[in-house]
Amino acid sequence: MPDLINKVVLITGANRGQGKAVARHLASIGANIGVSARNFDSAADVAKELGKCAIPLKLEVTSSSDWENAVLKMVKQFGKIDILVNNAGNYIRKPFLETSLEEYEQLINTNQVGVFLGMKEVASQMKKQQQGSIINTISISSFSPINKSSLYASTKAAVTTMSKAAAIELGDYGIRVNIVHPGGVDTGMFSESKGSDAYYNTIPLKRVGQPIDIAQAIAFLASDESSYCTGAEIVVDGGITLGTDA
């Protein structure tokens, strides 16, 4: 199992669903956690659950000032930031011709601009440290989009390319940038997705993913076990993108 003892991790959208599962898992293997979320009270609830290893952070990912403050608080509390997990995201499933510009801009701002701001702010701190690991939780939609999700998929594809290009530049400072692509995962977004039990019974591994499946992949990329991985993509989808037997 990866070891994150004495590592410091900032996780976005860590107050619920996938982000909360990541926070719990990384804390269980030794990490100190910055539990960040738009809703500070819910972030505080998760931090309280995790105990002394965690602090809550108010972080709207589209706000440069929120990112600045979050990094300052993390460094003040823990002295460094070793790992950034960009988990927060927005999902809209709607026909292309019915999606408004405003809805598309919402997707771009959260899924794309939010990741850019976080990578930029945290990588500036990691550059001082001459080390760090950035993990962007993206989606299989970035390369295998489903019906009625073209604009969501476009934001995820953009972050995939940005992550790989950043991995080239940031490698000079000992900063790794890697990607996890979840498939269907049983979180709050599950009911909005293509998924149903009947559908997932047709994929190679015959089940919907669980948040811990994604958290374990993130733990590997966060740890020194992946020290020679950068620009890598780990697909955690039970084989959905291989096809189904339906």
# chains A, B, ... in the order shown; residues from 1 in each chain; ligands from 1
$ residues_around --residues "Ile179 in chain A" --least-positions-apart "2" --cutoff "8 Å" --atoms "only C-alpha atoms" --output "PyMOL selection string"
chain A and resi 135-138+160+163+177+181+231-234
$ write_last_selection --atoms "all heavy atoms" --output "PDB file, in the first residue's frame"
ATOM      1  N   ILE A 135      -2.390  15.803  -9.080  1.00  0.00           N
ATOM      2  CA  ILE A 135      -3.246  14.783  -9.677  1.00  0.00           C
ATOM      3  C   ILE A 135      -4.557  15.434 -10.077  1.00  0.00           C
ATOM      4  O   ILE A 135      -5.268  15.991  -9.228  1.00  0.00           O
ATOM      5  CB  ILE A 135      -3.516  13.628  -8.701  1.00  0.00           C
ATOM      6  CG1 ILE A 135      -2.188  12.969  -8.271  1.00  0.00           C
ATOM      7  CG2 ILE A 135      -4.414  12.583  -9.340  1.00  0.00           C
ATOM      8  CD1 ILE A 135      -2.017  12.875  -6.810  1.00  0.00           C
ATOM      9  N   ASN A 136      -4.860  15.382 -11.360  1.00  0.00           N
ATOM     10  CA  ASN A 136      -6.107  15.935 -11.867  1.00  0.00           C
ATOM     11  C   ASN A 136      -7.087  14.806 -12.140  1.00  0.00           C
ATOM     12  O   ASN A 136      -6.826  13.922 -12.963  1.00  0.00           O
ATOM     13  CB  ASN A 136      -5.857  16.750 -13.130  1.00  0.00           C
ATOM     14  CG  ASN A 136      -5.063  18.011 -12.845  1.00  0.00           C
ATOM     15  OD1 ASN A 136      -5.173  18.587 -11.752  1.00  0.00           O
ATOM     16  ND2 ASN A 136      -4.260  18.452 -13.789  1.00  0.00           N
ATOM     17  N   THR A 137      -8.210  14.837 -11.408  1.00  0.00           N
ATOM     18  CA  THR A 137      -9.261  13.858 -11.632  1.00  0.00           C
ATOM     19  C   THR A 137     -10.108  14.367 -12.798  1.00  0.00           C
ATOM     20  O   THR A 137     -10.788  15.390 -12.662  1.00  0.00           O
ATOM     21  CB  THR A 137     -10.126  13.685 -10.376  1.00  0.00           C
ATOM     22  OG1 THR A 137      -9.278  13.373  -9.266  1.00  0.00           O
ATOM     23  CG2 THR A 137     -11.141  12.581 -10.555  1.00  0.00           C
ATOM     24  N   ILE A 138     -10.052  13.669 -13.909  1.00  0.00           N
ATOM     25  CA  ILE A 138     -10.706  14.177 -15.121  1.00  0.00           C
ATOM     26  C   ILE A 138     -11.925  13.299 -15.429  1.00  0.00           C
ATOM     27  O   ILE A 138     -12.883  13.312 -14.678  1.00  0.00           O
ATOM     28  CB  ILE A 138      -9.685  14.293 -16.275  1.00  0.00           C
ATOM     29  CG1 ILE A 138      -8.523  15.210 -15.804  1.00  0.00           C
ATOM     30  CG2 ILE A 138     -10.325  14.873 -17.520  1.00  0.00           C
ATOM     31  CD1 ILE A 138      -7.456  15.487 -16.827  1.00  0.00           C
ATOM     32  N   THR A 160      -7.037  17.537 -19.844  1.00  0.00           N
ATOM     33  CA  THR A 160      -6.092  16.457 -20.147  1.00  0.00           C
ATOM     34  C   THR A 160      -4.874  17.007 -20.882  1.00  0.00           C
ATOM     35  O   THR A 160      -3.720  16.726 -20.522  1.00  0.00           O
ATOM     36  CB  THR A 160      -6.765  15.368 -20.998  1.00  0.00           C
ATOM     37  OG1 THR A 160      -7.843  14.789 -20.260  1.00  0.00           O
ATOM     38  CG2 THR A 160      -5.785  14.277 -21.367  1.00  0.00           C
ATOM     39  N   SER A 163      -2.789  19.269 -18.624  1.00  0.00           N
ATOM     40  CA  SER A 163      -2.029  18.487 -17.646  1.00  0.00           C
ATOM     41  C   SER A 163      -0.754  17.933 -18.265  1.00  0.00           C
ATOM     42  O   SER A 163       0.327  17.977 -17.652  1.00  0.00           O
ATOM     43  CB  SER A 163      -2.888  17.328 -17.121  1.00  0.00           C
ATOM     44  OG  SER A 163      -4.065  17.799 -16.504  1.00  0.00           O
ATOM     45  N   VAL A 177       2.850  15.800 -12.783  1.00  0.00           N
ATOM     46  CA  VAL A 177       1.437  16.054 -13.065  1.00  0.00           C
ATOM     47  C   VAL A 177       0.859  14.807 -13.719  1.00  0.00           C
ATOM     48  O   VAL A 177       1.311  14.399 -14.800  1.00  0.00           O
ATOM     49  CB  VAL A 177       1.236  17.265 -13.998  1.00  0.00           C
ATOM     50  CG1 VAL A 177      -0.258  17.548 -14.185  1.00  0.00           C
ATOM     51  CG2 VAL A 177       1.946  18.504 -13.450  1.00  0.00           C
ATOM     52  N   HIS A 181      -8.676   9.049 -14.767  1.00  0.00           N
ATOM     53  CA  HIS A 181      -9.918   9.123 -15.530  1.00  0.00           C
ATOM     54  C   HIS A 181     -10.935   8.142 -14.939  1.00  0.00           C
ATOM     55  O   HIS A 181     -10.917   6.952 -15.256  1.00  0.00           O
ATOM     56  CB  HIS A 181      -9.691   8.748 -16.991  1.00  0.00           C
ATOM     57  CG  HIS A 181      -8.907   9.718 -17.797  1.00  0.00           C
ATOM     58  ND1 HIS A 181      -9.318  11.019 -18.004  1.00  0.00           N
ATOM     59  CD2 HIS A 181      -7.744   9.569 -18.481  1.00  0.00           C
ATOM     60  CE1 HIS A 181      -8.435  11.628 -18.790  1.00  0.00           C
ATOM     61  NE2 HIS A 181      -7.475  10.779 -19.077  1.00  0.00           N
ATOM     62  N   GLY A 231       2.705  12.986 -16.512  1.00  0.00           N
ATOM     63  CA  GLY A 231       1.950  13.019 -17.755  1.00  0.00           C
ATOM     64  C   GLY A 231       1.193  11.732 -18.014  1.00  0.00           C
ATOM     65  O   GLY A 231       0.675  11.507 -19.110  1.00  0.00           O
ATOM     66  N   ALA A 232       1.105  10.886 -16.982  1.00  0.00           N
ATOM     67  CA  ALA A 232       0.459   9.578 -17.142  1.00  0.00           C
ATOM     68  C   ALA A 232      -1.046   9.684 -16.947  1.00  0.00           C
ATOM     69  O   ALA A 232      -1.541  10.553 -16.220  1.00  0.00           O
ATOM     70  CB  ALA A 232       1.044   8.587 -16.145  1.00  0.00           C
ATOM     71  N   GLU A 233      -1.760   8.775 -17.585  1.00  0.00           N
ATOM     72  CA  GLU A 233      -3.213   8.696 -17.455  1.00  0.00           C
ATOM     73  C   GLU A 233      -3.586   7.307 -16.944  1.00  0.00           C
ATOM     74  O   GLU A 233      -3.248   6.302 -17.571  1.00  0.00           O
ATOM     75  CB  GLU A 233      -3.892   8.934 -18.795  1.00  0.00           C
ATOM     76  CG  GLU A 233      -3.604  10.302 -19.400  1.00  0.00           C
ATOM     77  CD  GLU A 233      -4.213  10.453 -20.793  1.00  0.00           C
ATOM     78  OE1 GLU A 233      -5.433  10.691 -20.885  1.00  0.00           O
ATOM     79  OE2 GLU A 233      -3.474  10.322 -21.782  1.00  0.00           O
ATOM     80  N   ILE A 234      -4.287   7.257 -15.812  1.00  0.00           N
ATOM     81  CA  ILE A 234      -4.795   5.990 -15.288  1.00  0.00           C
ATOM     82  C   ILE A 234      -6.307   5.980 -15.470  1.00  0.00           C
ATOM     83  O   ILE A 234      -7.012   6.852 -14.950  1.00  0.00           O
ATOM     84  CB  ILE A 234      -4.440   5.805 -13.808  1.00  0.00           C
ATOM     85  CG1 ILE A 234      -2.919   5.750 -13.623  1.00  0.00           C
ATOM     86  CG2 ILE A 234      -5.081   4.531 -13.265  1.00  0.00           C
ATOM     87  CD1 ILE A 234      -2.477   5.539 -12.194  1.00  0.00           C
TER      88      ILE A 234
END
$ select_by_dssp --residues "range 19-222 of chain A" --states "strand (DSSP E or B)" --output "ChimeraX atom specification"
/A:32-37,54-58,83-86,132-137,175-182,185,209
$ residues_around --residues "Leu205 in chain A" --least-positions-apart "5" --cutoff "10 Å" --atoms "only C-alpha atoms" --output "PyMOL selection string"
chain A and resi 200+237-240+244
$ residues_around --residues "range 79-94 of chain A" --least-positions-apart "5" --cutoff "6 Å" --atoms "only C-alpha atoms" --output "list in words"
Lys7, Val8, Val9, Leu10, Ile11, Thr12, Gly13, Leu107, Thr110, Asn111, Gly132, Ser133, Ile134, Ile135, Asn136, Thr137, Lys148 and Ser149 of chain A
$ residues_around --residues "Tyr199 in chain A" --least-positions-apart "6" --cutoff "12 Å" --atoms "only C-alpha atoms" --output "VMD selection string"
chain A and resid 184 193 205 to 208 240 243 to 246
$ residues_around --residues "Ser142 in chain A" --least-positions-apart "5" --cutoff "7 Å" --atoms "only C-alpha atoms" --output "JSON, numbers by chain"
{"A": [153, 154, 156, 157]}
$ residues_around --residues "Gly174 in chain A" --least-positions-apart "6" --cutoff "8 Å" --atoms "only C-alpha atoms" --output "number ranges by chain"
A: 127, 130-132
$ write_last_selection --atoms "N, CA, C and O atoms" --output "PDB file, in the first residue's frame"
ATOM      1  N   LYS A 127       7.335  24.715  -6.560  1.00  0.00           N
ATOM      2  CA  LYS A 127       8.600  25.122  -7.193  1.00  0.00           C
ATOM      3  C   LYS A 127       9.614  25.529  -6.127  1.00  0.00           C
ATOM      4  O   LYS A 127      10.804  25.195  -6.222  1.00  0.00           O
ATOM      5  N   GLN A 130      10.912  22.459  -4.756  1.00  0.00           N
ATOM      6  CA  GLN A 130      11.564  21.604  -5.752  1.00  0.00           C
ATOM      7  C   GLN A 130      11.032  20.173  -5.729  1.00  0.00           C
ATOM      8  O   GLN A 130      11.743  19.217  -6.015  1.00  0.00           O
ATOM      9  N   GLN A 131       9.744  20.068  -5.443  1.00  0.00           N
ATOM     10  CA  GLN A 131       9.088  18.750  -5.511  1.00  0.00           C
ATOM     11  C   GLN A 131       7.588  18.926  -5.343  1.00  0.00           C
ATOM     12  O   GLN A 131       7.132  19.895  -4.734  1.00  0.00           O
ATOM     13  N   GLY A 132       6.841  17.967  -5.882  1.00  0.00           N
ATOM     14  CA  GLY A 132       5.393  17.979  -5.703  1.00  0.00           C
ATOM     15  C   GLY A 132       4.717  17.026  -6.669  1.00  0.00           C
ATOM     16  O   GLY A 132       5.290  16.606  -7.676  1.00  0.00           O
TER      17      GLY A 132
END
$ closest_residue --among "A:Lys120, A:Lys20, A:Arg38, A:Lys164" --to "Val71 in chain A" --atoms "only C-alpha atoms"
A:Lys120
$ select_by_dssp --residues "range 59-218 of chain A" --states "helix (DSSP H, G or I)" --output "NGL selection string"
:A and (64-78 or 96-98 or 101-129 or 140-142 or 150-173 or 190-192 or 197-200 or 211-218)
$ atom_distance --atom1 "CA of Val75 in chain A" --atom2 "CA of Ala37 in chain A"
17.6 Å
$ closest_residue --among "A:Asn147, A:Thr62, A:Ser28, A:Gln18" --to "Asp3 in chain A" --atoms "only C-alpha atoms"
A:Ser28
$ closest_residue --among "A:Tyr104, A:Gly34, A:Leu151, A:Val115" --to "Lys76 in chain A" --atoms "only C-alpha atoms"
A:Gly34
$ closest_residue --among "A:Ser150, A:Gln210, A:Ser227, A:Ser144" --to "Asn178 in chain A" --atoms "only C-alpha atoms"
A:Ser227
$ closest_residue --among "A:Glu98, A:Gly17, A:Glu121, A:Gly30" --to "Ser65 in chain A" --atoms "only C-alpha atoms"
A:Glu121
